[in-house]
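> Please find data_0.json (JSON, C-alpha atoms and all ligand atoms) on the next line:
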[["chain", "number", "residue", "atom", "x", "y", "z"],
["A", 964, "MET", "CA", -106.72, 137.25, 107.74],
["A", 965, "PRO", "CA", -105.28, 135.66, 110.85],
["A", 966, "THR", "CA", -101.72, 136.70, 111.57],
["A", 967, "VAL", "CA", -99.17, 133.91, 111.59],
["A", 968, "PRO", "CA", -96.62, 134.33, 114.41],
["A", 969, "VAL", "CA", -93.04, 134.87, 113.21],
["A", 970, "ARG", "CA", -91.76, 131.75, 114.96],
["A", 971, "THR", "CA", -94.50, 129.60, 113.42],
["A", 972, "ALA", "CA", -93.93, 130.95, 109.90],
["A", 973, "VAL", "CA", -90.15, 130.44, 110.14],
["A", 974, "TRP", "CA", -90.58, 126.90, 111.48],
["A", 975, "ARG", "CA", -92.96, 126.11, 108.64],
["A", 976, "GLY", "CA", -90.40, 127.47, 106.19],
["A", 977, "TRP", "CA", -87.66, 125.32, 107.74],
["A", 978, "ARG", "CA", -89.95, 122.29, 107.32],
["A", 979, "LYS", "CA", -90.44, 123.33, 103.65],
["A", 980, "ARG", "CA", -94.13, 124.05, 104.23],
["A", 981, "CYS", "CA", -96.27, 127.03, 103.28],
["A", 982, "PRO", "CA", -95.57, 129.82, 105.81],
["A", 983, "GLN", "CA", -99.21, 130.90, 105.74],
["A", 984, "CYS", "CA", -101.13, 127.64, 106.26],
["A", 985, "GLY", "CA", -98.39, 125.11, 107.11],
["A", 986, "GLN", "CA", -100.04, 122.49, 104.87],
["A", 987, "GLY", "CA", -98.83, 123.08, 101.32],
["A", 988, "THR", "CA", -95.28, 122.28, 100.27],
["A", 989, "LEU", "CA", -92.65, 124.75, 99.05],
["A", 990, "TYR", "CA", -90.91, 122.16, 96.88],
["A", 991, "THR", "CA", -91.52, 119.00, 94.93],
["A", 992, "GLY", "CA", -88.79, 116.44, 95.36],
["A", 993, "TRP", "CA", -85.69, 117.64, 97.19],
["A", 994, "ALA", "CA", -85.70, 121.30, 96.17],
["A", 995, "ARG", "CA", -87.75, 121.98, 93.04],
["A", 996, "PRO", "CA", -89.74, 125.13, 93.90],
["A", 997, "VAL", "CA", -93.52, 125.31, 93.65],
["A", 998, "ASN", "CA", -95.07, 128.61, 92.54],
["A", 999, "ARG", "CA", -98.05, 128.63, 94.89],
["A", 1000, "CYS", "CA", -99.46, 126.74, 97.85],
["A", 1001, "GLY", "CA", -101.68, 123.87, 96.77],
["A", 1002, "VAL", "CA", -103.84, 124.28, 99.90],
["A", 1003, "CYS", "CA", -104.33, 128.02, 100.55],
["A", 1004, "GLY", "CA", -103.23, 129.43, 97.18],
["A", 1005, "LEU", "CA", -100.52, 131.75, 98.51],
["A", 1006, "VAL", "CA", -98.10, 132.76, 95.75],
["A", 1007, "TYR", "CA", -94.70, 132.24, 97.37],
["A", 1008, "GLU", "CA", -92.71, 134.56, 95.14],
["A", 1009, "ARG", "CA", -94.71, 137.14, 93.19],
["A", 1010, "ASN", "CA", -91.70, 138.24, 91.15],
["A", 1011, "GLN", "CA", -88.67, 136.14, 90.36],
["A", 1012, "GLY", "CA", -85.90, 137.11, 92.78],
["A", 1013, "ASP", "CA", -88.17, 138.40, 95.57],
["A", 1014, "THR", "CA", -86.69, 135.95, 98.08],
["A", 1015, "TRP", "CA", -83.12, 136.53, 96.89],
["A", 1016, "PHE", "CA", -82.05, 138.68, 99.84],
["A", 1017, "PHE", "CA", -83.27, 136.22, 102.48],
["A", 1018, "THR", "CA", -81.84, 133.24, 100.61],
["A", 1019, "ILE", "CA", -78.42, 134.83, 100.18],
["A", 1020, "MET", "CA", -78.28, 135.84, 103.85],
["A", 1021, "GLY", "CA", -79.11, 132.28, 104.91],
["A", 1022, "ASP", "CA", -76.27, 130.96, 102.78],
["A", 1023, "ARG", "CA", -73.81, 133.57, 104.01],
["A", 1024, "LEU", "CA", -74.36, 132.73, 107.68],
["A", 1025, "ALA", "CA", -73.08, 129.18, 107.21],
["A", 1026, "ILE", "CA", -70.19, 130.38, 105.07],
["A", 1027, "GLY", "CA", -69.41, 132.99, 107.76],
["A", 1028, "VAL", "CA", -68.88, 130.18, 110.28],
["A", 1029, "MET", "CA", -66.29, 128.63, 107.97],
["A", 1030, "ILE", "CA", -64.53, 131.97, 107.52],
["A", 1031, "GLY", "CA", -64.59, 132.46, 111.30],
["A", 1032, "LEU", "CA", -62.82, 129.12, 111.79],
["A", 1033, "LEU", "CA", -60.07, 130.28, 109.45],
["A", 1034, "TYR", "CA", -59.90, 133.78, 110.97],
["A", 1035, "PHE", "CA", -59.42, 132.52, 114.51],
["A", 1036, "GLY", "CA", -56.65, 130.17, 113.37],
["A", 1037, "VAL", "CA", -58.31, 126.92, 114.36],
["A", 1038, "HIS", "CA", -56.63, 125.30, 111.35],
["A", 1039, "ARG", "CA", -53.17, 126.02, 112.86],
["A", 1040, "SER", "CA", -53.77, 125.14, 116.51],
["A", 1041, "ARG", "CA", -56.09, 122.16, 116.01],
["A", 1042, "PRO", "CA", -56.01, 120.86, 112.44],
["A", 1043, "VAL", "CA", -58.16, 117.79, 113.13],
["A", 1044, "VAL", "CA", -60.84, 119.88, 114.83],
["A", 1045, "PHE", "CA", -60.68, 122.34, 111.96],
["A", 1046, "LEU", "CA", -61.12, 119.65, 109.30],
["A", 1047, "GLY", "CA", -64.03, 118.11, 111.20],
["A", 1048, "ALA", "CA", -65.73, 121.45, 111.76],
["A", 1049, "PHE", "CA", -65.12, 122.53, 108.16],
["A", 1050, "ALA", "CA", -66.53, 119.25, 106.81],
["A", 1051, "ALA", "CA", -69.55, 119.60, 109.13],
["A", 1052, "ALA", "CA", -70.10, 123.18, 107.93],
["A", 1053, "VAL", "CA", -69.90, 122.13, 104.26],
["A", 1054, "ALA", "CA", -72.35, 119.27, 104.92],
["A", 1055, "PHE", "CA", -74.65, 121.69, 106.75],
["A", 1056, "VAL", "CA", -74.58, 124.13, 103.82],
["A", 1057, "ILE", "CA", -75.43, 121.41, 101.31],
["A", 1058, "LEU", "CA", -77.92, 119.31, 103.27],
["A", 1059, "THR", "CA", -79.95, 122.17, 104.74],
["A", 1060, "ALA", "CA", -80.11, 124.28, 101.58],
["A", 1061, "PRO", "CA", -83.84, 123.64, 100.92],
["A", 1062, "ASN", "CA", -84.63, 124.27, 104.59],
["A", 1063, "ARG", "CA", -82.74, 127.57, 104.61],
["A", 1064, "TRP", "CA", -84.38, 128.59, 101.33],
["A", 1065, "GLY", "CA", -87.74, 127.75, 102.93],
["A", 1066, "VAL", "CA", -86.89, 130.02, 105.86],
["A", 1067, "GLY", "CA", -86.05, 132.70, 103.28],
["A", 1068, "THR", "CA", -89.48, 132.22, 101.70],
["A", 1069, "ALA", "CA", -91.10, 132.46, 105.14],
["A", 1070, "LEU", "CA", -89.19, 135.66, 105.98],
["A", 1071, "HIS", "CA", -90.23, 137.11, 102.63],
["A", 1072, "TYR", "CA", -93.84, 136.18, 103.40],
["A", 1073, "LEU", "CA", -93.61, 137.87, 106.82],
["A", 1074, "ALA", "CA", -92.17, 141.00, 105.23],
["A", 1075, "ARG", "CA", -95.05, 141.05, 102.74],
["A", 1076, "VAL", "CA", -97.64, 140.69, 105.51],
["A", 1077, "HIS", "CA", -95.91, 143.29, 107.69],
["A", 1078, "LEU", "CA", -95.62, 145.83, 104.87],
["A", 1079, "ASP", "CA", -99.31, 145.26, 103.99],
["A", 1080, "ASP", "CA", -98.80, 146.31, 100.37],
["A", 1081, "ALA", "CA", -102.19, 146.91, 98.77],
["A", 1082, "ASP", "CA", -100.94, 145.47, 95.50],
["A", 1083, "ASP", "CA", -99.66, 142.31, 97.18],
["A", 1084, "PRO", "CA", -102.54, 140.15, 98.34],
["A", 1085, "THR", "CA", -101.07, 137.55, 100.68],
["A", 1086, "ARG", "CA", -104.55, 136.21, 101.16],
["A", 1087, "PRO", "CA", -105.53, 132.98, 99.42],
["A", 1088, "THR", "CA", -106.56, 133.27, 95.79],
["A", 1089, "ASP", "CA", -108.45, 130.96, 93.49],
["A", 1090, "ALA", "CA", -106.94, 129.47, 90.34],
["A", 1091, "ALA", "CA", -107.80, 132.63, 88.35],
["A", 1092, "GLY", "CA", -105.88, 134.79, 90.82],
["A", 1093, "SER", "CA", -108.94, 136.42, 92.40],
["A", 1094, "LEU", "CA", -109.15, 136.84, 96.15],
["A", 1095, "THR", "CA", -111.37, 134.21, 97.73],
["A", 1096, "SER", "CA", -112.29, 136.27, 100.79],
["A", 1097, "GLY", "CA", -111.96, 139.73, 102.23],
["A", 1098, "THR", "CA", -111.97, 142.72, 99.93],
["A", 1099, "ASP", "CA", -112.70, 142.82, 96.22],
["A", 1100, "GLY", "CA", -109.07, 143.51, 95.48],
["A", 1101, "PRO", "CA", -106.37, 146.09, 95.82],
["A", 1102, "SER", "CA", -108.45, 148.92, 94.34],
["A", 1103, "SER", "CA", -111.03, 148.67, 97.14],
["A", 1104, "ARG", "CA", -108.44, 149.56, 99.80],
["A", 1105, "GLU", "CA", -108.07, 153.18, 98.69],
["B", 1201, "ZN", "ZN", -100.62, 127.52, 102.18]]
Translate the structure of the given file into structure tokens.
Ligand SMILES: [Zn+2]


Amino acid sequence: MPTVPVRTAVWRGWRKRCPQCGQGTLYTGWARPVNRCGVCGLVYERNQGDTWFFTIMGDRLAIGVMIGLLYFGVHRSRPVVFLGAFAAAVAFVILTAPNRWGVGTALHYLARVHLDDADDPTRPTDAAGSLTSGTDGPSSRE
């Protein structure tokens, strides 16, 4: 399996594309998640909640900027700047949510590839869930 560079996988995630092939979509519509890539067959999230850590961290970074504005007292010294920056941060949090979640999916994918778990085939699978290339399955890697 060719290794996808970190930067490429993250960029694909930001664009809401499959981190492995860059062709399939992560969502239908604005942010309705898809279970697997329609092109390469990668299952994005093997167990519900697998991408939780990466998704939460992506959300917290934007919220941290808002807390930083309050902490450094921007609201007292420059109220207009504060309101503009706060509104921009809220808009950023809302409008880029699917993109940040896609980055979370890409980071989860990279962690799976890096950990090389024998029970977690990140290779493409067919509709029945069998590997389409490479080994016969996890049991052959012992
Ligand atoms: Zn794919």

> Determine, counting all atoms listed in the file, which protein, DNA and RNA residues have an atom within 9 Å of an atom of segment 1059-1072 of chain A; residues of the same chain fewer than 6 positions away are not included. Present the result as a ChimeraX atom specification.

/A:969,972-983,989-990,993-995,1007-1008,1013-1022,1085

> If you measure from atom CA of Leu1032 of chain A to atom CA of Ala1048 of chain A, what distance in Å do you get, rounded to one decimal?

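A separation of 8.2 Å between them.
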
> To one decimal place in Å, what is the distance between atom CA of Val997 of chain A and atom CA of Ala1025 of chain A?

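Going from atom CA of Val997 of chain A over to atom CA of Ala1025 of chain A, I get 24.8 Å.
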
> Which value, in Å to one decimal, gives the distance between atom CA of Ala1051 of chain A and atom CA of Ile1026 of chain A?

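Distance between the two atoms: 11.5 Å.
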
> Could you list, as a PDB file with C-alpha atoms, keeping the file's coordinate frame, all residues that come within 6 Å of ligand ZN 1201 (chain B)? Count only C-alpha atoms and all ligand atoms.


ATOM      1  CA  CYS A 981     -96.270 127.030 103.280  1.00  0.00           C
ATOM      2  CA  GLN A 983     -99.210 130.900 105.740  1.00  0.00           C
ATOM      3  CA  CYS A 984    -101.130 127.640 106.260  1.00  0.00           C
ATOM      4  CA  GLY A 985     -98.390 125.110 107.110  1.00  0.00           C
ATOM      5  CA  GLN A 986    -100.040 122.490 104.870  1.00  0.00           C
ATOM      6  CA  GLY A 987     -98.830 123.080 101.320  1.00  0.00           C
ATOM      7  CA  CYS A1000     -99.460 126.740  97.850  1.00  0.00           C
ATOM      8  CA  VAL A1002    -103.840 124.280  99.900  1.00  0.00           C
ATOM      9  CA  CYS A1003    -104.330 128.020 100.550  1.00  0.00           C
ATOM     10  CA  GLY A1004    -103.230 129.430  97.180  1.00  0.00           C
ATOM     11  CA  LEU A1005    -100.520 131.750  98.510  1.00  0.00           C
TER      12      LEU A1005
END
